[in-house]
Amino acid sequence: MEVVLGHYNYWVVIFLMMTGFYTVISRGNLVKKIIGLNIFQVSVFILYISISTVENGTTPILKEGFEVYSNPLPHVLILTAIVVGVATTALALALVVRIKEAYGTIEEDEIHQRDHSL
Amino acid sequence: MSGLQGHLSLLLVVIPLIAAPIVAVLPRGRLPWAGTLLVTAVCAVLAGMQLWSVVHDGVISYELGGWAPPWGIEYRIDAVNAFVALIVAGIAAITLPYALLSVEKEIPEEQVPLFYASFLLCLCGLLGITQTGDIFNVFVFLEISSLSSYALVSLGRKRQALTSAYQYLVMGTIGATFFLIGVGLIYSQTGTLNIADLAERLPAVFDHKTVHTGFAFIVVGVALKLALFPLHLWLPNAYTYAPTVVTIFLAATATKVALYLMLRVLFTVFPNNFALGTPTFDLFVISGIAAILIASVYAIYQMDVKRLLAYSSVAQIGYMALGIGFASAMGVTAALLHLFNHALMKGALFMAVGAIIYRVGSCRMDNIHGLGRRMPWTFGAIIIGGLSLVGVPGTAGFVSKWYLILAALEQQAWISVAVILAGSLLAVVYVGKIIEALYFKPASEANQSLKEAPLLLVIPTWVLALSNLYFGLNTELTVGVAERAAEVLGATGL
């Protein structure tokens with residue numbers, strides 16, 4: 001019980017990670033794949049944020065009376081990773097738009113069919 | 001000048017980064033190309049100066065913004081990164097003269113400035129990975145280079161370029177995210193991101209399961225970027241459908257930089273032979289062997305020359321993986337040598353194939369019959385590149401395979417020796433197939449009237465083809481640098 005409740009944040013991370021990863025692998029719809037990829041990336045953000053937490057710590061501010069505070073570095077790293085994630089999603093969606101224009105579908109198996117029926 | 005020299009390492013990354021948006025807004029025409037040419041030439045010179053400075057004065061440590069490491073980001077240049085940075089910048093500088101005509105032919109006019117901007121961003125990312133001494137910074141540069149290469153691949157003429165770019169994006173992002181997870185896990189155990197600092201602090205927590213998990217995530221993530229068999233699925237499509245210039249550049253640099261990163265992780269970030277206590281090296285040997293045999297056989301059955309060469313790239317990456325898998329100084333030297341030599345041979349081959357595409361518009365086996373007689377210079381470059389790929393003595397390919405076999409004999413790994421030789425025989429078959437189509441098949445009506453490719457395409461191709469011969473005969477320089485790099489990585493103590 002301790003293992004489950006004491007580390008509930010990590011269980012959430014693992015659950016999200018596997019959900020996202022499974023979606024990327026199993027779905028044939030290109031937009032759904034991107035959603036899966038997003039969930040996968042978000043799980044990593046949560047992983048970083050939760051390892052930065054210090055027990056009984058406050059937000060990282062410099063003021064008297066606040067001596068124990070969370071590690072701010074992972075927050076900053078994750079801001080960068082979020083930006084990277086946004087760029088990836090934007091590029092992926094742009095590609096999907098172009099694929100839809102070129103093939104008239106965003107289903108993976110139909111795209112394969114159209115390439116081979118040429 | 002001395003002020004400039006002090007910032008050498010940073011300039012290599014900053015110049016292409018700043019030039020990219022400038023090139024993007026330049027008017028159409030040849031100006032964007034000229035700007036990019038200038039930037040790549042400057043970068044190649046700077047990378048050369050950097051290697052010279054590292055070899056003579058030792059490791060360069062550059063503190064970004066004056067923040068001392070491990071708090072600030074540090075660029076740390078030793079013989080390994082200086083060597084890889086020179087390969088990347090050098091290949092970019094050779095590709096650019098070639099790019100002018102090839103890009104005019106393959107990319108719509110209004111997209112040309114954006115094409116060169118993405119190209120510069122990709123160069124910036126790849127150089128950044130080699131320069132930086134901060135592992136999170138590696139992730140950022142990895143994504144800069146990857147995102148721009150997805151965009152570059154999608155610019156191919158056929159619609160399959162879009163699906164290949166999408167596939168590359170999904171697999172590349174999974175790889176980068178794995179890397180990020182691994183970095184987070186080792187950060188949680190050490191509290192540092194500086195590679196040199198990690199190397200000091202990690203040994204104390206080597207028996208923690210978190211560190212092992214982090215290691216596994218990082219290795220698998222980089223292996224995806226490296227296209228290590230069986231994680232290579234994105235590579236053949238991406239190389240086949242990307243514009244020729246992109247294929248040349250990515251084939252010669254992107255996987256090489258990923259390989260460099262892998263070596264860094266295995267030997268520098270996790271020091272004291274940590275990786276020897278894990279099954280990593282055995283996996284490298286197995287996947288290397290599988291890559292050499294399976295990808296070479298796949299290559300033989302391809303009907304498209306670009307795709308054939310792409311599968312051959314997967315096989316060549318297998319040789320490098322095998323070299324790492326031996327986990328010896330000789331093996332790592334062989335891997336680094338092959339990293340350099342493969343950049344030369346694949347660069348030359350893809351350039352020659354690009355020249356054919358420039359004239360014919362396609363490189364399917366049945367469209368190129370008899371072209372060897374029509375385009376003798378291009379054909380000559382294919383023969384030299386092909387011989388180098390096979391590993392015929394006198395070519396660069398021979399040198400790296402020789403060292404690889406020595407490394408295998410050193411450990412009495414007979415199966416690996418047999419596989420390396422078998423791989424060369426398979427290479428004879430697929431290179432022979434190209435040459436047969438080009439030379440021995442009668443030319444079709446349409447191909448009868450074709451002329452040799454323009455000089456601007458032939459010259460860069462021949463520069464790379466001749467360097468295959470040069471580095472095949474004069475091995476002092478490459479072997480010296482590779483041995484020194486292996487020494488820096490600490491692979492000698494293995």
# chains A, B, ... in the order shown; residues from 1 in each chain; ligands from 1
$ select_by_dssp --residues "range 131-273 of chain B" --states "helix (DSSP H, G or I)" --output "number ranges by chain"
B: 131, 135-154, 160-190, 195-205, 209-226, 234-241, 244-269
$ interface_residues --of "chain A" --to "chain B" --cutoff "8 Å" --atoms "only C-alpha atoms" --output "PyMOL selection string"
chain A and resi 34+37+41+44+47-48+51-52+77+80-81+84+87-88+91-92+95-96+98-99+102-103+115
$ residues_around --residues "Val24 in chain A" --least-positions-apart "3" --cutoff "9 Å" --atoms "only C-alpha atoms" --output "mmCIF file with N, CA and C atoms, in the first residue's frame"
data_model
loop_
_atom_site.group_PDB
_atom_site.id
_atom_site.type_symbol
_atom_site.label_atom_id
_atom_site.label_comp_id
_atom_site.auth_asym_id
_atom_site.auth_seq_id
_atom_site.Cartn_x
_atom_site.Cartn_y
_atom_site.Cartn_z
ATOM 1 N N THR A 19 -0.276 5.256 -21.594
ATOM 2 C CA THR A 19 -1.453 5.605 -22.396
ATOM 3 C C THR A 19 -1.011 6.296 -23.686
ATOM 4 N N GLY A 20 -0.148 7.278 -23.529
ATOM 5 C CA GLY A 20 0.301 8.032 -24.700
ATOM 6 C C GLY A 20 1.046 7.153 -25.677
ATOM 7 N N PHE A 21 1.963 6.368 -25.152
ATOM 8 C CA PHE A 21 2.791 5.514 -25.991
ATOM 9 C C PHE A 21 1.929 4.508 -26.753
ATOM 10 N N ARG A 27 -2.987 3.536 -32.796
ATOM 11 C CA ARG A 27 -3.973 4.260 -33.604
ATOM 12 C C ARG A 27 -3.491 4.457 -35.035
ATOM 13 N N GLY A 28 -4.426 4.372 -35.980
ATOM 14 C CA GLY A 28 -4.064 4.595 -37.378
ATOM 15 C C GLY A 28 -4.354 6.012 -37.816
ATOM 16 N N LEU A 30 -3.887 9.804 -37.964
ATOM 17 C CA LEU A 30 -2.676 10.594 -37.733
ATOM 18 C C LEU A 30 -2.845 11.638 -36.632
ATOM 19 N N LYS A 32 -4.873 11.355 -34.008
ATOM 20 C CA LYS A 32 -4.884 10.650 -32.725
ATOM 21 C C LYS A 32 -3.473 10.273 -32.294
ATOM 22 N N LYS A 33 -2.647 9.925 -33.266
ATOM 23 C CA LYS A 33 -1.250 9.632 -32.954
ATOM 24 C C LYS A 33 -0.595 10.850 -32.300
ATOM 25 N N ILE A 34 -0.881 12.038 -32.838
ATOM 26 C CA ILE A 34 -0.270 13.250 -32.276
ATOM 27 C C ILE A 34 -0.768 13.476 -30.856
ATOM 28 N N ILE A 35 -2.062 13.207 -30.644
ATOM 29 C CA ILE A 35 -2.599 13.362 -29.286
ATOM 30 C C ILE A 35 -1.859 12.415 -28.343
ATOM 31 N N GLY A 36 -1.646 11.189 -28.802
ATOM 32 C CA GLY A 36 -0.915 10.220 -27.983
ATOM 33 C C GLY A 36 0.488 10.719 -27.668
ATOM 34 N N LEU A 37 1.132 11.270 -28.685
ATOM 35 C CA LEU A 37 2.489 11.784 -28.518
ATOM 36 C C LEU A 37 2.507 12.900 -27.469
ATOM 37 N N PHE A 40 2.145 11.491 -24.019
ATOM 38 C CA PHE A 40 3.437 10.888 -23.688
ATOM 39 C C PHE A 40 4.408 11.970 -23.191
ATOM 40 N N VAL B 170 7.266 11.202 -35.677
ATOM 41 C CA VAL B 170 6.737 10.424 -34.550
ATOM 42 C C VAL B 170 7.858 9.624 -33.898
#
$ closest_residue --among "A:Val68, A:Ile106, A:Ala94, A:Ile39" --to "Ile82 in chain A" --atoms "only C-alpha atoms"
A:Ile39
$ residues_around --residues "Tyr298 in chain B" --least-positions-apart "5" --cutoff "10 Å" --atoms "only C-alpha atoms" --output "ChimeraX atom specification"
/B:293,307-308,311-312,315,430
$ write_last_selection --atoms "C-alpha atoms" --output "short mmCIF file (atom, residue, chain, number, x, y, z; two decimals), in the first residue's frame"
data_model
loop_
_atom_site.label_atom_id
_atom_site.label_comp_id
_atom_site.auth_asym_id
_atom_site.auth_seq_id
_atom_site.Cartn_x
_atom_site.Cartn_y
_atom_site.Cartn_z
CA LEU B 293 23.13 -8.87 -42.78
CA ARG B 307 16.36 3.59 -51.29
CA LEU B 308 19.07 1.02 -51.94
CA TYR B 311 19.28 0.50 -46.62
CA SER B 312 23.01 0.34 -47.14
CA ALA B 315 23.95 -1.66 -42.69
CA TYR B 430 24.10 -4.19 -54.44
#
$ atom_distance --atom1 "CA of Ala299 in chain B" --atom2 "CA of Glu110 in chain A"
26.6 Å
$ closest_residue --among "B:Ile286, B:Leu120, B:Val84, B:Leu37" --to "Ala19 in chain B" --atoms "only C-alpha atoms"
B:Leu120
$ residues_around --residues "range 103-109 of chain B" --least-positions-apart "3" --cutoff "7 Å" --atoms "only C-alpha atoms" --output "number ranges by chain"
B: 99-100, 112, 157, 243
$ write_last_selection --atoms "C-alpha atoms" --output "PDB file, in the first residue's frame"
ATOM      1  CA  ALA B  99      22.786  22.616 -53.548  1.00  0.00           C
ATOM      2  CA  LEU B 100      22.341  25.598 -55.881  1.00  0.00           C
ATOM      3  CA  VAL B 112      13.849  28.211 -51.404  1.00  0.00           C
ATOM      4  CA  ARG B 157       8.628  16.347 -54.522  1.00  0.00           C
ATOM      5  CA  PRO B 243      15.152  16.335 -51.582  1.00  0.00           C
TER       6      PRO B 243
END
$ residues_around --residues "Ala381 in chain B" --least-positions-apart "2" --cutoff "10 Å" --atoms "only C-alpha atoms" --output "list of chain:residue names"
B:Met345, B:Ala348, B:Leu349, B:Met351, B:Ala352, B:Val353, B:Pro376, B:Trp377, B:Thr378, B:Phe379, B:Ile383, B:Ile384, B:Gly385, B:Gly386, B:Leu387, B:Val458, B:Thr461, B:Trp462, B:Val463, B:Leu464, B:Ala465, B:Leu466, B:Asn468
